[in-house]
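Printed here is protein_13.txt (compact mmCIF, C-alpha atoms):
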# COMPACT_ATOMS: atom_id res chain seq x y z
CA MET A 1055 78.88 45.07 124.06
CA VAL A 1056 80.14 41.50 124.34
CA PHE A 1057 77.53 40.43 121.81
CA LEU A 1058 78.69 43.08 119.33
CA LEU A 1059 82.32 42.07 119.77
CA SER A 1060 81.46 38.42 119.21
CA ALA A 1061 79.46 39.31 116.11
CA VAL A 1062 82.37 41.28 114.67
CA LEU A 1063 84.84 38.47 115.35
CA ALA A 1064 82.47 36.00 113.70
CA LEU A 1065 82.63 37.88 110.39
CA PRO A 1066 84.52 36.06 107.61
CA LYS A 1067 88.18 36.97 107.20
CA TRP A 1068 87.72 37.92 103.54
CA LEU A 1069 85.38 40.71 104.65
CA PHE A 1070 88.11 42.13 106.91
CA VAL A 1071 90.52 42.02 103.98
CA ILE A 1072 88.07 43.90 101.74
CA LEU A 1073 87.46 46.54 104.41
CA ALA A 1074 91.18 46.97 105.13
CA ALA A 1075 92.28 47.07 101.47
CA PRO A 1076 91.46 50.76 100.79
CA THR A 1077 93.38 51.85 103.89
CA CYS A 1078 96.39 49.72 102.93
CA LEU A 1079 96.37 51.08 99.39
CA TRP A 1080 96.16 54.66 100.66
CA LEU A 1081 99.06 54.14 103.06
CA ALA A 1082 101.15 52.50 100.34
CA ALA A 1083 100.42 55.31 97.87
CA TYR A 1084 101.42 57.87 100.50
CA ILE A 1085 104.40 56.23 102.18
CA LEU A 1086 106.19 54.56 99.25
CA PRO A 1087 106.93 57.85 97.42
CA LEU A 1088 108.36 59.27 100.66
CA VAL A 1089 110.63 56.23 100.99
CA TYR A 1090 111.67 56.48 97.34
CA ILE A 1091 112.55 60.18 97.69
CA ARG A 1092 114.49 59.51 100.88
CA LEU A 1093 116.49 56.73 99.24
CA ARG A 1094 117.29 58.78 96.12
CA GLY A 1095 118.47 61.78 98.15
CA THR A 1096 118.90 65.41 97.15
CA GLN A 1097 119.50 66.60 93.59
CA ASP A 1098 121.83 69.01 91.85
CA LEU A 1099 119.31 71.34 90.21
CA LYS A 1100 121.95 73.09 88.12
CA LYS A 1101 122.80 69.80 86.40
CA LYS A 1102 119.23 68.49 86.35
CA TYR A 1103 117.90 71.45 84.38
CA ASP A 1104 121.11 72.80 82.84
CA ALA A 1105 120.27 76.03 84.67
CA THR A 1106 122.30 79.13 85.48
CA TRP A 1107 119.80 81.35 87.34
CA ALA A 1108 117.29 80.83 90.13
CA LEU A 1109 114.84 83.17 91.86
CA VAL A 1110 113.75 82.89 95.49
CA THR A 1111 111.05 85.03 97.10
CA GLY A 1112 111.30 85.58 100.83
CA GLY A 1113 114.97 84.82 100.26
CA SER A 1114 116.54 87.06 102.88
CA THR A 1115 115.60 85.03 105.97
CA GLY A 1116 114.36 81.63 107.14
CA ILE A 1117 113.64 78.86 104.65
CA GLY A 1118 114.19 81.18 101.68
CA ARG A 1119 117.64 82.15 102.90
CA ALA A 1120 118.54 78.47 103.35
CA ILE A 1121 117.33 77.73 99.81
CA CYS A 1122 119.50 80.53 98.43
CA GLU A 1123 122.51 79.10 100.24
CA GLU A 1124 121.93 75.61 98.84
CA LEU A 1125 121.43 76.94 95.31
CA ALA A 1126 124.67 78.90 95.62
CA LYS A 1127 126.50 75.76 96.74
CA GLN A 1128 125.40 74.13 93.49
CA GLY A 1129 126.98 76.93 91.47
CA LEU A 1130 123.81 78.83 90.56
CA ASN A 1131 123.33 82.56 90.31
CA VAL A 1132 120.40 83.71 92.45
CA VAL A 1133 117.92 86.58 92.40
CA VAL A 1134 116.97 87.13 96.04
CA VAL A 1135 113.59 88.81 96.52
CA GLY A 1136 112.84 90.10 99.99
CA LEU A 1137 111.25 92.87 101.97
CA PRO A 1138 112.96 96.28 101.94
CA ASP A 1139 114.22 95.79 105.48
CA GLY A 1140 117.52 95.22 107.22
CA PHE A 1141 117.86 91.58 106.17
CA LEU A 1142 117.98 91.63 102.36
CA GLU A 1143 121.17 93.59 101.73
CA PRO A 1144 123.30 91.68 104.29
CA ALA A 1145 122.01 88.36 102.91
CA VAL A 1146 122.99 89.25 99.34
CA GLU A 1147 126.38 90.62 100.46
CA GLU A 1148 127.10 87.47 102.45
CA LEU A 1149 126.28 85.25 99.49
CA GLN A 1150 128.38 87.36 97.13
CA THR A 1151 131.35 87.28 99.51
CA LYS A 1152 131.09 83.55 100.04
CA TYR A 1153 130.51 82.64 96.38
CA GLY A 1154 132.49 85.32 94.59
CA SER A 1155 132.46 83.74 91.14
CA GLN A 1156 128.65 83.80 90.99
CA GLN A 1157 126.10 86.59 90.76
CA PHE A 1158 123.52 87.51 93.39
CA VAL A 1159 120.90 90.17 92.77
CA GLY A 1160 118.73 91.57 95.54
CA VAL A 1161 115.23 92.83 94.79
CA ALA A 1162 113.63 94.81 97.62
CA ALA A 1163 109.90 94.38 97.11
CA SER A 1164 106.74 94.43 99.19
CA PHE A 1165 104.08 91.90 98.14
CA ALA A 1166 101.13 94.11 99.00
CA PRO A 1167 98.10 95.25 96.95
CA GLY A 1168 98.97 98.11 94.62
CA GLN A 1169 102.73 97.57 94.76
CA ASP A 1170 104.70 97.12 91.53
CA TYR A 1171 106.65 94.10 92.76
CA LEU A 1172 106.22 92.15 89.52
CA GLU A 1173 107.66 95.00 87.45
CA GLN A 1174 110.59 95.22 89.86
CA ILE A 1175 111.24 91.51 89.41
CA LYS A 1176 110.90 91.77 85.63
CA ARG A 1177 113.47 94.57 85.51
CA ALA A 1178 115.90 92.71 87.76
CA THR A 1179 115.66 89.48 85.74
CA LYS A 1180 115.70 90.99 82.25
CA GLY A 1181 118.21 89.12 80.11
CA LYS A 1182 118.55 86.31 82.67
CA ASP A 1183 117.22 82.80 82.01
CA ILE A 1184 115.39 82.10 85.27
CA GLN A 1185 114.66 78.36 85.25
CA LEU A 1186 114.29 77.67 88.96
CA ILE A 1187 111.55 79.59 90.78
CA PHE A 1188 110.93 79.23 94.51
CA ASN A 1189 107.74 80.92 95.71
CA ASN A 1190 108.58 81.01 99.39
CA ALA A 1191 107.42 84.40 100.69
CA GLY A 1192 104.64 84.36 103.26
CA PHE A 1193 103.51 85.48 106.69
CA ILE A 1194 100.68 84.83 109.14
CA VAL A 1195 97.94 87.01 110.61
CA THR A 1196 96.50 85.61 113.83
CA GLY A 1197 93.34 86.40 115.76
CA PHE A 1198 89.67 86.20 114.87
CA PHE A 1199 88.96 87.05 111.24
CA ASP A 1200 86.37 89.73 112.10
CA SER A 1201 88.67 91.34 114.67
CA GLN A 1202 91.44 92.18 112.21
CA PRO A 1203 91.31 95.04 109.67
CA LEU A 1204 90.34 93.98 106.14
CA GLY A 1205 93.49 95.62 104.77
CA LYS A 1206 95.70 93.32 106.82
CA HIS A 1207 93.90 90.26 105.44
CA LEU A 1208 94.24 91.51 101.87
CA VAL A 1209 97.98 92.07 102.30
CA ASN A 1210 98.23 88.51 103.64
CA LEU A 1211 96.32 87.24 100.61
CA GLU A 1212 98.56 89.19 98.22
CA CYS A 1213 101.80 88.04 99.79
CA ASN A 1214 100.91 84.39 100.33
CA ALA A 1215 98.97 83.69 97.14
CA THR A 1216 98.44 86.46 94.57
CA ALA A 1217 102.12 87.35 94.27
CA ALA A 1218 103.03 83.69 93.71
CA VAL A 1219 100.44 83.46 90.94
CA ALA A 1220 101.78 86.58 89.21
CA ILE A 1221 105.42 85.54 89.47
CA THR A 1222 104.66 81.98 88.37
CA HIS A 1223 102.64 83.16 85.37
CA HIS A 1224 105.48 85.41 84.20
CA PHE A 1225 108.27 82.86 84.42
CA ALA A 1226 106.21 79.84 83.34
CA SER A 1227 105.20 81.74 80.20
CA LEU A 1228 108.82 82.60 79.45
CA MET A 1229 110.03 79.03 79.95
CA VAL A 1230 107.31 77.59 77.72
CA LYS A 1231 107.98 80.25 75.07
CA THR A 1232 111.75 79.64 75.06
CA ASN A 1233 111.40 75.86 75.50
CA LYS A 1234 113.44 75.89 78.72
CA ARG A 1235 113.28 73.13 81.30
CA GLY A 1236 113.08 74.03 84.96
CA CYS A 1237 111.07 73.87 88.16
CA ILE A 1238 108.56 75.95 90.09
CA VAL A 1239 108.44 75.26 93.80
CA PHE A 1240 105.96 76.52 96.40
CA THR A 1241 106.40 76.61 100.16
CA SER A 1242 102.99 75.77 101.55
CA SER A 1243 102.18 74.42 105.03
CA ALA A 1244 100.50 71.57 106.86
CA SER A 1245 97.84 74.23 107.57
CA ALA A 1246 96.73 73.69 103.97
CA TYR A 1247 94.81 70.55 104.83
CA ILE A 1248 93.13 71.44 108.13
CA PRO A 1249 90.69 74.17 109.22
CA ASN A 1250 92.62 77.11 110.69
CA PRO A 1251 90.65 79.15 113.21
CA PHE A 1252 92.61 82.18 114.50
CA ALA A 1253 94.76 82.12 111.32
CA ILE A 1254 92.13 81.88 108.60
CA MET A 1255 93.90 83.70 105.79
CA TYR A 1256 97.11 81.77 106.33
CA GLY A 1257 95.40 78.39 106.09
CA ALA A 1258 93.25 79.48 103.16
CA THR A 1259 96.17 80.88 101.15
CA LYS A 1260 98.26 77.79 101.79
CA ALA A 1261 95.39 75.54 100.71
CA PHE A 1262 95.08 77.62 97.55
CA MET A 1263 98.80 77.32 96.90
CA SER A 1264 98.73 73.53 97.20
CA GLN A 1265 95.73 73.20 94.90
CA PHE A 1266 97.20 75.71 92.42
CA ALA A 1267 100.52 73.85 92.30
CA ALA A 1268 98.90 70.43 91.88
CA SER A 1269 96.83 71.66 88.95
CA LEU A 1270 99.70 73.59 87.38
CA ALA A 1271 101.91 70.51 87.54
CA VAL A 1272 99.57 68.71 85.16
CA GLU A 1273 99.82 71.50 82.57
CA LEU A 1274 103.59 72.01 82.73
CA GLN A 1275 105.01 68.52 83.15
CA CYS A 1276 104.88 67.80 79.42
CA LYS A 1277 106.97 70.94 78.85
CA GLY A 1278 109.78 69.71 81.08
CA ILE A 1279 108.84 72.04 83.92
CA ASP A 1280 108.44 70.30 87.28
CA VAL A 1281 106.07 71.80 89.83
CA CYS A 1282 106.36 70.88 93.49
CA VAL A 1283 104.66 72.16 96.63
CA VAL A 1284 106.09 71.35 100.05
CA HIS A 1285 104.35 71.30 103.42
CA PRO A 1286 107.12 71.74 105.99
CA SER A 1287 106.94 70.87 109.66
CA PRO A 1288 107.59 73.82 112.04
CA VAL A 1289 110.76 75.74 111.26
CA SER A 1290 112.72 77.97 113.61
CA SER A 1291 112.76 81.40 111.94
CA ASN A 1292 111.54 84.98 112.36
CA PHE A 1293 108.18 83.82 110.96
CA TYR A 1294 106.83 83.91 114.52
CA ASP A 1295 108.35 87.24 115.54
CA LYS A 1296 105.57 89.56 114.33
CA VAL A 1297 102.63 87.44 115.46
CA GLU A 1298 100.28 89.75 117.36
CA HIS A 1299 97.98 87.17 118.94
CA LYS A 1300 99.85 84.26 120.45
CA ILE A 1301 98.36 80.82 119.84
CA ASP A 1302 99.14 77.95 122.21
CA SER A 1303 99.41 75.44 119.37
CA MET A 1304 101.89 77.71 117.57
CA GLU A 1305 103.96 78.06 120.74
CA SER A 1306 103.99 74.27 121.03
CA PHE A 1307 105.13 73.87 117.43
CA LYS A 1308 108.01 76.28 118.07
CA LYS A 1309 109.40 73.83 120.62
CA VAL A 1310 109.83 71.14 117.96
CA ALA A 1311 110.89 73.49 115.15
CA VAL A 1312 113.95 72.59 113.10
CA ALA A 1313 116.57 74.89 111.65
CA PRO A 1314 115.81 76.28 108.16
CA SER A 1315 119.05 74.73 106.89
CA GLU A 1316 117.48 71.27 107.29
CA LEU A 1317 114.78 71.94 104.67
CA PRO A 1318 116.54 72.50 101.29
CA ALA A 1319 117.87 68.96 100.98
CA ASP A 1320 114.36 67.51 101.36
CA ILE A 1321 112.87 70.13 99.05
CA PHE A 1322 115.46 69.56 96.33
CA ALA A 1323 115.06 65.79 96.67
CA SER A 1324 111.31 66.13 96.01
CA ILE A 1325 111.44 68.21 92.83
CA GLY A 1326 110.44 66.16 89.79
CA ARG A 1327 109.75 63.12 91.96
CA CYS A 1328 106.47 64.20 93.52
CA VAL A 1329 104.03 67.10 93.30
CA LEU A 1330 102.95 67.44 96.93
CA ARG A 1331 105.49 66.67 99.66
CA ASP A 1332 104.96 66.64 103.41
CA VAL A 1333 108.33 67.31 105.06
CA GLY A 1334 109.07 66.30 108.64
CA GLY A 1335 107.30 64.27 111.29
CA THR A 1336 104.75 66.93 112.26
CA ALA A 1337 103.49 67.44 108.70
CA ILE A 1338 103.37 63.70 108.00
CA GLY A 1339 101.65 62.99 111.32
CA MET A 1340 99.02 65.66 110.67
CA ARG A 1341 98.38 64.30 107.19
CA LEU A 1342 97.86 60.79 108.53
CA GLY A 1343 95.70 62.06 111.37
CA VAL A 1344 93.31 64.20 109.34
CA SER A 1345 92.95 61.49 106.69
CA LEU A 1346 90.92 59.48 109.20
CA LEU A 1347 88.07 62.01 109.17
CA PRO A 1348 86.06 63.54 106.33
CA TYR A 1349 86.81 67.26 106.10
CA ASN A 1350 83.25 68.18 107.05
CA ALA A 1351 83.48 66.09 110.23
CA LEU A 1352 86.88 67.59 111.04
CA ALA A 1353 85.51 71.13 110.68
CA HIS A 1354 82.53 70.32 112.91
CA LEU A 1355 84.77 68.71 115.52
CA ILE A 1356 87.07 71.74 115.69
CA ALA A 1357 84.07 74.08 115.86
CA VAL A 1358 82.74 72.17 118.88
CA VAL A 1359 86.08 71.99 120.70
CA ALA A 1360 87.54 75.44 119.90
CA PRO A 1361 85.34 77.58 122.23
CA PHE A 1362 86.69 75.64 125.22
CA LEU A 1363 90.34 76.34 124.39
CA PRO A 1364 92.25 79.05 126.31
CA ASP A 1365 93.24 80.76 123.03
CA TYR A 1366 89.62 81.11 121.98
CA LYS A 1367 88.46 82.36 125.38
CA GLN A 1368 91.25 84.89 125.69
CA ASN A 1369 90.87 86.36 122.21
CA ASP A 1370 87.09 86.36 122.44
CA LYS A 1371 87.18 88.94 125.25
CA GLY A 1372 86.01 92.30 123.93
CA ARG A 1373 85.47 90.85 120.47
CA GLY A 1374 83.45 93.15 118.22
CA ALA A 1375 84.37 96.27 120.14
CA THR A 1376 86.87 97.48 117.56
CA VAL A 1377 88.05 96.41 114.12

Will you turn the file into structure tokens for me?
Amino acid sequence: MVFLLSAVLALPKWLFVILAAPTCLWLAAYILPLVYIRLRGTQDLKKKYDATWALVTGGSTGIGRAICEELAKQGLNVVVVGLPDGFLEPAVEELQTKYGSQQFVGVAASFAPGQDYLEQIKRATKGKDIQLIFNNAGFIVTGFFDSQPLGKHLVNLECNATAAVAITHHFASLMVKTNKRGCIVFTSSASAYIPNPFAIMYGATKAFMSQFAASLAVELQCKGIDVCVVHPSPVSSNFYDKVEHKIDSMESFKKVAVAPSELPADIFASIGRCVLRDVGGTAIGMRLGVSLLPYNALAHLIAVVAPFLPDYKQNDKGRGATV
């Protein structure tokens, strides 16, 4: 051991510089844009894009509700798309009462296979120039993939990914056709860049969303349409309320979760200044951590460790008995 240490220390300094250079370049390329965005601060999207209307999916609660509030503060009219539950109508009424000179339209829609949610959105936005689109709707299904009904996974896929593709295609086509500037924003997750046992569809759909947004940004930037995908750190919302299988890591994240109202400023600051944005210490820390390992090695490591975790052991009991 001492011999190896001595041999390493005897290496020429220029070799250390060459070996360290890629890491330094990666860190600079990652950290400097975050610093730049932080220094520039949030943006007035109404002025930036000369916009009058925005659309937010999942806009009745959590991050989506906070985005609607911030858009309203900037003087924008907002189409709020949410589940047909007890949250959508009060959210729209509250916005309308608070910002009486603006318009707020609620669209009660379920992003599930076979539902006509896109037609509902088209009808509600007919005659309105929607230039700001926030694809924020999403939920999580926990537990082993094989232990959950296929239908539940397909609904998760539709809500988290397919619906965003359909909505984006509709409004991107309109903006290109009418030569309108604007932005399309996706709420992804730090789960997008790590393997996600016990929440496979969530991680997979978020990874798809990040890749989809990054590729779409290349096609639309020349048309004056900015595409941005954000990976927030844990947020305190009803996102966790309907989780059937509790996960220790998720319970830990809840303890450091921030209020949804803290997100819009960072999201708005990122639009047009970066394509992928990690927001908050947890997301940034995870990005830095997983960058140290090749994805294949990371997947193997998690596969080796996971069976020893309490979550795995508990949920593995009776596995395969029913689906």

Do you have the atom CA of A:Asn1131-atom CA of A:Lys1180 distance handy?
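Atom CA of A:Lys1180 lies at a distance of 13.9 Å from atom CA of A:Asn1131.
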
**Prompt:** Quick one: of A:Ala1226, A:Cys1328, A:Ala1353, A:Val1110, who's nearest to A:Val1134, counting only C-alpha atoms?
**Reply:**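 Closest residue, counting only C-alpha atoms: A:Val1110.
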
Between A:Val1359, A:Ala1126, A:Ile1254, A:Leu1317, smallest distance to A:Trp1107 by all atoms listed in the file belongs to A:Ala1126

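Around A:Ser1242, within 8 Å and counting all atoms listed in the file, the residues found are A:Asn1190, A:Ala1246, A:Lys1260, A:Ala1261, A:Met1263, A:Ser1264, A:Val1283, A:Val1284, A:His1285, A:Pro1286, once anything fewer than 3 positions away on its own chain is removed.
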
With distances taken over all atoms listed in the file, the candidate from A:Phe1322, A:Pro1138, A:Ala1075, A:Leu1204 nearest A:Leu1186 is A:Phe1322

So how far away is atom CA of A:Ser1114 from atom CA of A:Gly1192, in Å?
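One can read the atom CA of A:Gly1192 to atom CA of A:Ser1114 distance as 12.2 Å.
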
Distance atom CA of A:Ile1121-atom CA of A:Ala1253, one decimal place?
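Computing it gives 25.7 Å between the two atoms.
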
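Shortest separation to A:Asp1320 among A:Leu1093, A:Gly1129, A:Glu1143, A:Ala1244 occurs at residue A:Leu1093, atoms counted being all atoms listed in the file.
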
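Residues in contact range of A:Asn1233, defined as at most 10 Å between all atoms listed in the file, with sequence neighbours fewer than 4 positions away removed, read Ser1227, Leu1228, Met1229, Lys1277, Gly1278 and Ile1279 of chain A.
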
* Excluding A:Val1161 and any residue of its chain fewer than 3 positions from it, enumerate the residues within 10 Å of it, using only C-alpha atoms, and give them as an NGL selection string. => :A and (1111 or 1113 or 1133-1138 or 1142-1143 or 1146 or 1158 or 1164 or 1171 or 1174-1175 or 1177-1179)

Write the selection just made, keeping C-alpha atoms, as a CSV table (one decimal), in the frame of the given file?
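again_18.csv, written as the output of this step:
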chain,number,residue,atom,x,y,z
A,1111,THR,CA,111.0,85.0,97.1
A,1113,GLY,CA,115.0,84.8,100.3
A,1133,VAL,CA,117.9,86.6,92.4
A,1134,VAL,CA,117.0,87.1,96.0
A,1135,VAL,CA,113.6,88.8,96.5
A,1136,GLY,CA,112.8,90.1,100.0
A,1137,LEU,CA,111.2,92.9,102.0
A,1138,PRO,CA,113.0,96.3,101.9
A,1142,LEU,CA,118.0,91.6,102.4
A,1143,GLU,CA,121.2,93.6,101.7
A,1146,VAL,CA,123.0,89.2,99.3
A,1158,PHE,CA,123.5,87.5,93.4
A,1164,SER,CA,106.7,94.4,99.2
A,1171,TYR,CA,106.6,94.1,92.8
A,1174,GLN,CA,110.6,95.2,89.9
A,1175,ILE,CA,111.2,91.5,89.4
A,1177,ARG,CA,113.5,94.6,85.5
A,1178,ALA,CA,115.9,92.7,87.8
A,1179,THR,CA,115.7,89.5,85.7

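Nearest-residue note for A:Leu1347: choosing from A:Ala1323, A:Leu1086, A:Asn1189, A:Ile1248, the minimum distance belongs to A:Ile1248, counting only C-alpha atoms.
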
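When all atoms listed in the file are used to compute distances to A:Leu1208, the closest of the residues A:Pro1167, A:Gly1372, A:Pro1314, A:Pro1249 turns out to be A:Pro1167.
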
Can you pull out the residues contacting A:Val1312? Cut-off 7 Å, using all atoms listed in the file, and skip same-chain residues under 2 positions away; I want them as an NGL selection string. :A and (1288-1290 or 1310 or 1314 or 1316)

- Task: Show which residues sit within 12 Å of stretch 1080-1083 of chain A, as a list in words. Count only C-alpha atoms, and ignore same-chain residues fewer than 2 positions away.
- Result: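 The neighbour list is Ala1074, Ala1075, Pro1076, Thr1077, Cys1078, Ile1085, Leu1086, Pro1087, Leu1088, Val1089, Tyr1090, Cys1328, Ile1338, Arg1341, Leu1342, Gly1343, Ser1345 and Leu1346 of chain A.
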
With C-alpha atoms retained, write the just-selected residues as a short mmCIF file (atom, residue, chain, number, x, y, z; two decimals), in the coordinates of the input.
data_model
loop_
_atom_site.label_atom_id
_atom_site.label_comp_id
_atom_site.auth_asym_id
_atom_site.auth_seq_id
_atom_site.Cartn_x
_atom_site.Cartn_y
_atom_site.Cartn_z
CA ALA A 1074 91.18 46.97 105.13
CA ALA A 1075 92.28 47.07 101.47
CA PRO A 1076 91.46 50.76 100.79
CA THR A 1077 93.38 51.85 103.89
CA CYS A 1078 96.39 49.72 102.93
CA ILE A 1085 104.40 56.23 102.18
CA LEU A 1086 106.19 54.56 99.25
CA PRO A 1087 106.93 57.85 97.42
CA LEU A 1088 108.36 59.27 100.66
CA VAL A 1089 110.63 56.23 100.99
CA TYR A 1090 111.67 56.48 97.34
CA CYS A 1328 106.47 64.20 93.52
CA ILE A 1338 103.37 63.70 108.00
CA ARG A 1341 98.38 64.30 107.19
CA LEU A 1342 97.86 60.79 108.53
CA GLY A 1343 95.70 62.06 111.37
CA SER A 1345 92.95 61.49 106.69
CA LEU A 1346 90.92 59.48 109.20
#

TODO: Name the residues, using the chain letters and numbers of the file, that sit within 7 Å of (114.2, 74.9, 85.4) when counting only C-alpha atoms, and give them as a ChimeraX atom specification.
DONE: /A:1103,1105,1185-1186,1234-1237,1279
